[in-house]
Amino acid sequence: MKFTLSWLKDHLDTDATLDRITETLTALGLEVEGVHDRSKELAPFRVAHVVSAEKHPDADKLRVLVVDTGTEKLQVVCGAPNARAGLKGVFAAEGAYIPGSDITLKKGVIRGVESNGMMCSKRELKLSDEHDGIIELPEDAPVGASFAEYAGLNDPVIDINLTPDRADCAGVRGIARDLAAAGLGTLKPQTGGRIDATPVPGAFPSPIGVTIEAPDACPMYVGRTIRGVRNGPSPQWMQDKLTAIGLRPISALVDVTNYITFDLSRPLHAFDADKVTGGIVVRMAREGETLVALNGKEYALDPAMTVIADHEKAEALAGIIGGEASGCTETTTTLFLEAAIFDTVRTAQTGRRLGVESDARYRLERGVDPAAVVSGVERATRLILEICGGEASELVIAGAEPAWRRTLTLRPGRVKSLGGVDLEQGEQVRILTDLGFTIEGEDDNGTLHVGVPSWRADVHGEADLVEEVLRVHGFDAIPATPLPRETVLARPALTLRQRRVALAKRALASRGLSEAVTWSFLASPVAALFGAENEGLRLVNPISSDLDVMRPSILPNLIQAAGRNADRGIADVRLFEVGAAFRSPAPDGQDTVAAGIRAGNAVPRHWAEKARVVDVFDAKADALAVLEAAGAPTANLQVTTDAPGWYHPGRSGVLRLGPTVMARFGEIHPSVLETLGVKGPVVGFEVMLDAVPLPKKKGGTAKPMVQLPAFQPVERDFAFLVGRQVEADKILRAVKAADKALVKDVAVFDVYQGPGVGEGQKSVAVSVTYQPTTATLTDEAIEAVGQKIVAAVVKATGGSLRA
């Protein structure tokens, strides 16, 4: 929202400086994005008089001017076709920066003639694109005066960033009202001058009537015929204001509607009445109907869009843009002036569907003042009659003003309890009254009954009233109050469950994986490959047709990312993501999962080491690292082979803690990779962070004392013959359970299938470390432990010790 300082002062009687106004606006929540002061940019330029103009001795198209700057007479070489003696224009002296040309003037010699400065065109001062000649000023322009001050270009433009709820401040008057409430002046009444909204008596009945066929889309429509107008240029003061905020002046009738739109946040539209057949009808568009708008583009309409039509065709898109056929031109002598209230949702949907951005749409889709429809027409009527002459008809009012009146209660003590500011009741009443609220009564207990003004559709409860008081009083006045500290040491801000996300990311990054952030949804055919069965996960309004299902797993997005990397020559990829995977649309239907993939070579080609591709054990190691970082009891986990169908059935596994699935890992199924268009092998893992149990506190958080053994460890190797289907994990568990006090470590170092081993069997060799704590082990003790280990493995696996 842009406006000039002088425009603000049309509504606000104030002597506050520009700096104080901008600071107060930001403090009120109307954040100032920028202030553009043209007077600073145009400070070097002065009104000058051309005393003489002689032909250049060495150039037919150049003239040598003698220019009176008010303080001295200088020689200037000029090539403008309108350069002549007696002309008054804009002069730039040596050292001046020319914004339109991006140059700094220097004294020069042009074709042998010295030139000191230049006479400027409008484009060189960025006033317009006109550059055929230098600027010509009236004869009474004071020589030596500041051009910016003379031309009224010393009016700073303020640009504020509005939040969607403050539609009332999409007009200059709403901004002035907030500043007045903050103590920066007095809001002027709309009873005189340029802001006069006094009703204009109708001289005749309007020949154009109004019918509303879609009351839900347009609850109220007000119009008026004005005849005998002369549509020419608007006054200079109006053109200056519109130009300053980036609008191009068109004609008086159009400029008045644009001016009122920004002045009061009251969009209007003017139809050429002679081009309207019959009367005005507010209806829904018909199937196949089209409209050529004022921007010259043709739009295909549908029955969900509201149009303003005559008895033959659509003439405008309601609340968005007018039609070219009935637009006002220089030949317009009779107009029909429109102001209406349109449904905010329909306005926004139509604008988005057609891609039309307009100042009217910006305001009407946010909601305009429902009580200012008539006053907006009256204000515009006065300006049109003043500028263009003519005679106004009686008002035509269709529909009725929507019900907006509501009364809220405010307990003055809530300002302190909610906002921490002890503000006396009288000041609270003063602030609310200055903002346009009314005090309609007070209970015996001091509770106020506050009437909400029509332009504040965002105020619905007591907390909103408290916010208004605090906002105007100043958020900076709210005292800083530290939170009470119940213990000497501060409590951690994050719980262990919350910290696990960061711990998992750090663990995976330390293992060489790069973090990725992918969509939380994917294509339904891909989702079906990864177990998506719940129809509730399908999106009603997806951002893209190939992203229509909430992801049941993070893996497919990571696999496709690896494929895109491979297509660009990066075949060895290591990616991970920690985020949500979805089982159902219920609140508890999503899981926090740490997932990752590895593709290509695990060990790259190198002269000192043999290259190898990624395998299932890389994915298992990644999963175990995440579980270890999250605090899972990894020593107690079991490995099963019932991984989901998107994993290779013979090269995958599941890590469980009892019946609870903690993680899945393995090589991605070749058919899945083929469907995704990714070349394998690719391995992946999924760790369910929510399934990791919280640690049980036992007597405190101190770590137990480290016990360093004083005796030498002993290592022994065992080889067992077991069935091929027996997991090595069963053997490891049996060995550890044989003597938990003495067996310190056990590891598989060989697996063999072939000659010397029976059909359907395999040999698994393990290395066992004994760590005595009370005495050095004797041969008899070592032999006894060995027998216990063999017995435990035989019992657990049904195998035997290999001879």
# chains A, B, ... in the order shown; residues from 1 in each chain; ligands from 1
>>> residues_around(residues="Thr17 of chain A", least_positions_apart="4", cutoff="10 Å", atoms="only C-alpha atoms", output="list in words")
Leu5, Ile21, Thr22 and Leu184 of chain A
>>> residues_around(residues="Gly760 of chain A", least_positions_apart="2", cutoff="8 Å", atoms="only C-alpha atoms", output="list in words")
Gly723, Arg724, Gly758 and Lys762 of chain A
>>> residues_around(residues="Cys120 of chain A", least_positions_apart="6", cutoff="9 Å", atoms="only C-alpha atoms", output="ChimeraX atom specification")
/A:45,89-92,98,131,133-135
>>> write_last_selection(atoms="C-alpha atoms", output="short mmCIF file (atom, residue, chain, number, x, y, z; two decimals), in the first residue's frame")
data_model
loop_
_atom_site.label_atom_id
_atom_site.label_comp_id
_atom_site.auth_asym_id
_atom_site.auth_seq_id
_atom_site.Cartn_x
_atom_site.Cartn_y
_atom_site.Cartn_z
CA PHE A 45 17.84 20.48 -10.65
CA GLY A 89 13.07 24.45 -18.47
CA VAL A 90 14.98 22.29 -16.01
CA PHE A 91 18.75 22.76 -15.75
CA ALA A 92 21.36 20.40 -14.31
CA ILE A 98 21.07 12.27 -14.00
CA HIS A 131 12.50 12.26 -24.53
CA GLY A 133 12.60 17.42 -26.29
CA ILE A 134 13.56 19.21 -23.11
CA ILE A 135 10.98 20.02 -20.44
#
>>> select_by_dssp(residues="segment 365-509 of chain A", states="strand (DSSP E or B)", output="list of chain:residue names")
A:Glu391, A:Ala392, A:Val396, A:Ile397, A:Ala398, A:Gly399, A:Thr407, A:Leu408, A:Thr409, A:Leu410, A:Thr438, A:Ile439, A:Glu440, A:Gly441, A:Glu442, A:Leu448, A:His449, A:Val450, A:Gly451
>>> write_last_selection(atoms="N, CA, C and O atoms", output="short mmCIF file (atom, residue, chain, number, x, y, z; two decimals), in the first residue's frame")
data_model
loop_
_atom_site.label_atom_id
_atom_site.label_comp_id
_atom_site.auth_asym_id
_atom_site.auth_seq_id
_atom_site.Cartn_x
_atom_site.Cartn_y
_atom_site.Cartn_z
N GLU A 391 -24.65 16.53 -14.06
CA GLU A 391 -25.79 16.50 -13.16
C GLU A 391 -26.00 15.07 -12.71
O GLU A 391 -25.95 14.13 -13.52
N ALA A 392 -26.19 14.86 -11.39
CA ALA A 392 -26.28 13.52 -10.81
C ALA A 392 -27.72 13.12 -10.58
O ALA A 392 -28.57 13.94 -10.18
N VAL A 396 -29.44 4.59 -6.93
CA VAL A 396 -30.14 3.33 -7.14
C VAL A 396 -29.52 2.32 -6.19
O VAL A 396 -28.31 2.02 -6.29
N ILE A 397 -30.30 1.81 -5.26
CA ILE A 397 -29.78 0.88 -4.26
C ILE A 397 -30.51 -0.45 -4.40
O ILE A 397 -31.73 -0.52 -4.27
N ALA A 398 -29.74 -1.50 -4.67
CA ALA A 398 -30.28 -2.85 -4.75
C ALA A 398 -29.67 -3.68 -3.62
O ALA A 398 -28.49 -3.54 -3.31
N GLY A 399 -30.48 -4.54 -3.02
CA GLY A 399 -30.00 -5.32 -1.89
C GLY A 399 -29.97 -4.48 -0.63
O GLY A 399 -30.60 -3.41 -0.54
N THR A 407 -21.47 -6.32 19.32
CA THR A 407 -20.99 -5.71 20.56
C THR A 407 -20.19 -6.75 21.34
O THR A 407 -20.64 -7.89 21.52
N LEU A 408 -19.02 -6.35 21.79
CA LEU A 408 -18.14 -7.22 22.56
C LEU A 408 -17.98 -6.68 23.97
O LEU A 408 -18.20 -5.48 24.21
N THR A 409 -17.59 -7.54 24.87
CA THR A 409 -17.34 -7.10 26.25
C THR A 409 -15.83 -7.02 26.48
O THR A 409 -15.07 -7.83 25.95
N LEU A 410 -15.44 -6.04 27.27
CA LEU A 410 -14.04 -5.87 27.63
C LEU A 410 -13.93 -5.60 29.11
O LEU A 410 -14.47 -4.61 29.62
N THR A 438 -17.16 2.14 19.73
CA THR A 438 -18.08 2.91 20.57
C THR A 438 -18.29 2.20 21.90
O THR A 438 -18.34 0.97 21.95
N ILE A 439 -18.37 2.97 22.97
CA ILE A 439 -18.65 2.42 24.30
C ILE A 439 -20.15 2.52 24.52
O ILE A 439 -20.70 3.63 24.71
N GLU A 440 -20.82 1.38 24.48
CA GLU A 440 -22.28 1.37 24.52
C GLU A 440 -22.83 1.13 25.91
O GLU A 440 -24.05 1.14 26.09
N GLY A 441 -21.98 0.92 26.87
CA GLY A 441 -22.47 0.73 28.22
C GLY A 441 -21.38 0.16 29.11
O GLY A 441 -20.31 -0.26 28.64
N GLU A 442 -21.65 0.17 30.43
CA GLU A 442 -20.69 -0.36 31.40
C GLU A 442 -21.46 -1.02 32.52
O GLU A 442 -22.42 -0.44 33.08
N LEU A 448 -16.93 -3.28 30.12
CA LEU A 448 -17.37 -2.36 29.07
C LEU A 448 -18.04 -3.14 27.95
O LEU A 448 -17.61 -4.24 27.60
N HIS A 449 -19.08 -2.54 27.38
CA HIS A 449 -19.73 -3.08 26.19
C HIS A 449 -19.29 -2.23 25.01
O HIS A 449 -19.61 -1.04 24.93
N VAL A 450 -18.52 -2.83 24.10
CA VAL A 450 -17.85 -2.08 23.04
C VAL A 450 -18.45 -2.44 21.69
O VAL A 450 -18.51 -3.62 21.31
N GLY A 451 -18.91 -1.41 20.96
CA GLY A 451 -19.42 -1.60 19.62
C GLY A 451 -18.28 -1.57 18.61
O GLY A 451 -17.43 -0.68 18.63
#
>>> residues_around(residues="Thr277 of chain A", least_positions_apart="3", cutoff="10 Å", atoms="only C-alpha atoms", output="ChimeraX atom specification")
/A:208,273-274,280,309-313,326
>>> write_last_selection(atoms="N, CA and C atoms", output="mmCIF file, in the first residue's frame")
data_model
loop_
_atom_site.group_PDB
_atom_site.id
_atom_site.type_symbol
_atom_site.label_atom_id
_atom_site.label_comp_id
_atom_site.auth_asym_id
_atom_site.auth_seq_id
_atom_site.Cartn_x
_atom_site.Cartn_y
_atom_site.Cartn_z
ATOM 1 N N ILE A 208 -31.011 4.079 -15.546
ATOM 2 C CA ILE A 208 -30.447 2.729 -15.486
ATOM 3 C C ILE A 208 -30.785 2.115 -14.133
ATOM 4 N N ALA A 273 -22.603 5.055 -19.755
ATOM 5 C CA ALA A 273 -24.023 4.702 -19.718
ATOM 6 C C ALA A 273 -24.611 4.503 -21.106
ATOM 7 N N ASP A 274 -24.084 5.194 -22.097
ATOM 8 C CA ASP A 274 -24.619 5.055 -23.459
ATOM 9 C C ASP A 274 -24.285 3.701 -24.061
ATOM 10 N N ILE A 280 -28.509 -2.649 -15.367
ATOM 11 C CA ILE A 280 -27.423 -3.426 -14.768
ATOM 12 C C ILE A 280 -28.013 -4.665 -14.099
ATOM 13 N N ALA A 309 -23.514 -7.300 -15.667
ATOM 14 C CA ALA A 309 -23.952 -7.381 -17.056
ATOM 15 C C ALA A 309 -25.047 -6.358 -17.315
ATOM 16 N N ASP A 310 -25.257 -6.098 -18.603
ATOM 17 C CA ASP A 310 -26.463 -5.377 -18.980
ATOM 18 C C ASP A 310 -27.477 -6.418 -19.445
ATOM 19 N N HIS A 311 -28.474 -6.008 -20.198
ATOM 20 C CA HIS A 311 -29.504 -6.969 -20.593
ATOM 21 C C HIS A 311 -29.079 -7.846 -21.763
ATOM 22 N N GLU A 312 -27.829 -7.648 -22.249
ATOM 23 C CA GLU A 312 -27.365 -8.441 -23.382
ATOM 24 C C GLU A 312 -26.132 -9.278 -23.065
ATOM 25 N N LYS A 313 -25.177 -8.710 -22.358
ATOM 26 C CA LYS A 313 -23.891 -9.406 -22.196
ATOM 27 C C LYS A 313 -23.211 -8.945 -20.907
ATOM 28 N N SER A 326 -17.687 -1.217 -22.348
ATOM 29 C CA SER A 326 -18.446 -0.176 -21.650
ATOM 30 C C SER A 326 -17.546 0.763 -20.850
#
>>> residues_around(residues="Arg173 of chain A", least_positions_apart="3", cutoff="8 Å", atoms="only C-alpha atoms", output="tab-separated table (two decimals) with C-alpha atoms, in the first residue's frame")
chain	number	residue	atom	x	y	z
A	8	LEU	CA	-2.00	11.41	4.39
A	11	HIS	CA	-7.08	13.15	6.34
A	169	CYS	CA	-5.71	0.28	6.09
A	176	ALA	CA	-4.69	8.25	9.21
A	177	ARG	CA	-7.18	6.91	11.77
A	263	ASP	CA	-8.14	7.00	-0.49
A	264	LEU	CA	-11.00	5.14	1.22
>>> residues_around(residues="segment 227-241 of chain A", least_positions_apart="2", cutoff="7 Å", atoms="only C-alpha atoms", output="list in words")
Thr4, Thr225, Thr243, Ala244, Ile245, Pro249, Ser251, Ala252, Leu253, Asp255, Glu330, Thr332, Thr333, Thr334, Leu335, Cys388, Gly389, Gly390, Glu391 and Ala392 of chain A
>>> write_last_selection(atoms="all heavy atoms", output="short mmCIF file (atom, residue, chain, number, x, y, z; two decimals), in the first residue's frame")
data_model
loop_
_atom_site.label_atom_id
_atom_site.label_comp_id
_atom_site.auth_asym_id
_atom_site.auth_seq_id
_atom_site.Cartn_x
_atom_site.Cartn_y
_atom_site.Cartn_z
N THR A 4 1.29 9.16 -0.41
CA THR A 4 2.25 10.25 -0.21
C THR A 4 1.97 10.94 1.12
O THR A 4 0.88 10.81 1.70
CB THR A 4 2.16 11.28 -1.35
OG1 THR A 4 0.86 11.90 -1.31
CG2 THR A 4 2.36 10.61 -2.70
N THR A 225 -26.50 7.53 -12.05
CA THR A 225 -26.21 8.06 -13.38
C THR A 225 -25.80 9.52 -13.26
O THR A 225 -26.45 10.30 -12.53
CB THR A 225 -27.44 7.94 -14.29
OG1 THR A 225 -27.82 6.56 -14.38
CG2 THR A 225 -27.13 8.47 -15.68
N THR A 243 0.33 9.27 -9.88
CA THR A 243 1.64 8.99 -10.46
C THR A 243 2.65 8.59 -9.39
O THR A 243 3.47 7.69 -9.58
CB THR A 243 2.15 10.20 -11.24
OG1 THR A 243 1.20 10.55 -12.25
CG2 THR A 243 3.49 9.92 -11.89
N ALA A 244 2.58 9.26 -8.24
CA ALA A 244 3.54 9.00 -7.17
C ALA A 244 3.46 7.56 -6.66
O ALA A 244 4.47 6.98 -6.26
CB ALA A 244 3.31 9.98 -6.01
N ILE A 245 2.26 6.96 -6.68
CA ILE A 245 2.11 5.60 -6.17
C ILE A 245 2.17 4.56 -7.29
O ILE A 245 1.87 3.38 -7.07
CB ILE A 245 0.81 5.43 -5.36
CG1 ILE A 245 -0.41 5.67 -6.25
CG2 ILE A 245 0.81 6.36 -4.17
CD1 ILE A 245 -1.74 5.36 -5.55
N PRO A 249 -2.20 8.15 -14.84
CA PRO A 249 -3.45 8.91 -15.04
C PRO A 249 -4.02 8.63 -16.43
O PRO A 249 -3.28 8.60 -17.42
CB PRO A 249 -3.01 10.36 -14.89
CG PRO A 249 -1.74 10.31 -14.11
CD PRO A 249 -1.07 9.04 -14.51
N SER A 251 -7.93 9.39 -17.40
CA SER A 251 -8.90 10.46 -17.64
C SER A 251 -9.55 10.78 -16.31
O SER A 251 -9.43 10.02 -15.34
CB SER A 251 -9.95 10.03 -18.67
OG SER A 251 -10.75 8.99 -18.16
N ALA A 252 -10.26 11.87 -16.27
CA ALA A 252 -10.83 12.31 -14.99
C ALA A 252 -11.75 11.25 -14.39
O ALA A 252 -11.67 10.96 -13.18
CB ALA A 252 -11.58 13.62 -15.19
N LEU A 253 -12.63 10.66 -15.21
CA LEU A 253 -13.60 9.70 -14.67
C LEU A 253 -12.89 8.46 -14.13
O LEU A 253 -13.23 7.96 -13.05
CB LEU A 253 -14.60 9.31 -15.75
CG LEU A 253 -15.50 10.44 -16.27
CD1 LEU A 253 -16.43 9.92 -17.36
CD2 LEU A 253 -16.30 11.07 -15.14
N ASP A 255 -9.67 8.30 -13.24
CA ASP A 255 -8.77 8.68 -12.15
C ASP A 255 -9.52 8.87 -10.85
O ASP A 255 -8.99 8.56 -9.77
CB ASP A 255 -8.03 9.97 -12.52
CG ASP A 255 -7.03 9.77 -13.64
OD1 ASP A 255 -6.83 8.61 -14.04
OD2 ASP A 255 -6.47 10.77 -14.13
N GLU A 330 -12.75 9.47 -23.75
CA GLU A 330 -12.82 10.93 -23.85
C GLU A 330 -14.18 11.40 -24.38
O GLU A 330 -14.58 12.54 -24.16
CB GLU A 330 -11.71 11.45 -24.79
CG GLU A 330 -10.29 11.26 -24.25
CD GLU A 330 -9.77 9.85 -24.44
OE1 GLU A 330 -10.49 9.02 -25.03
OE2 GLU A 330 -8.64 9.57 -23.99
N THR A 332 -17.09 10.06 -23.54
CA THR A 332 -18.16 9.76 -22.58
C THR A 332 -18.80 11.04 -22.06
O THR A 332 -18.11 11.95 -21.59
CB THR A 332 -17.61 8.94 -21.40
OG1 THR A 332 -17.07 7.71 -21.89
CG2 THR A 332 -18.70 8.65 -20.38
N THR A 333 -20.12 11.11 -22.15
CA THR A 333 -20.86 12.27 -21.62
C THR A 333 -21.82 11.87 -20.52
O THR A 333 -22.26 12.71 -19.74
CB THR A 333 -21.64 12.96 -22.75
OG1 THR A 333 -22.54 12.01 -23.35
CG2 THR A 333 -20.70 13.52 -23.80
N THR A 334 -22.16 10.58 -20.45
CA THR A 334 -23.05 10.07 -19.40
C THR A 334 -22.43 8.80 -18.84
O THR A 334 -22.02 7.91 -19.60
CB THR A 334 -24.45 9.76 -19.95
OG1 THR A 334 -24.99 10.93 -20.57
CG2 THR A 334 -25.37 9.32 -18.82
N LEU A 335 -22.34 8.72 -17.53
CA LEU A 335 -21.75 7.53 -16.92
C LEU A 335 -22.66 6.97 -15.85
O LEU A 335 -23.55 7.68 -15.32
CB LEU A 335 -20.39 7.86 -16.30
CG LEU A 335 -20.41 8.76 -15.06
CD1 LEU A 335 -19.85 8.01 -13.86
CD2 LEU A 335 -19.61 10.02 -15.30
N CYS A 388 -15.62 17.43 -13.72
CA CYS A 388 -16.17 17.21 -15.06
C CYS A 388 -17.51 17.90 -15.29
O CYS A 388 -18.04 17.85 -16.42
CB CYS A 388 -16.35 15.71 -15.32
SG CYS A 388 -14.84 14.75 -15.14
N GLY A 389 -18.07 18.50 -14.24
CA GLY A 389 -19.38 19.09 -14.39
C GLY A 389 -20.45 18.03 -14.48
O GLY A 389 -20.24 16.87 -14.14
N GLY A 390 -21.65 18.41 -14.94
CA GLY A 390 -22.71 17.44 -15.11
C GLY A 390 -23.77 17.52 -14.03
O GLY A 390 -23.77 18.41 -13.17
N GLU A 391 -24.65 16.53 -14.06
CA GLU A 391 -25.79 16.50 -13.16
C GLU A 391 -26.00 15.07 -12.71
O GLU A 391 -25.95 14.13 -13.52
CB GLU A 391 -27.03 17.01 -13.91
CG GLU A 391 -28.26 17.17 -13.06
CD GLU A 391 -29.43 17.71 -13.89
OE1 GLU A 391 -29.50 17.42 -15.10
OE2 GLU A 391 -30.28 18.40 -13.31
N ALA A 392 -26.19 14.86 -11.39
CA ALA A 392 -26.28 13.52 -10.81
C ALA A 392 -27.72 13.12 -10.58
O ALA A 392 -28.57 13.94 -10.18
CB ALA A 392 -25.51 13.46 -9.50
#
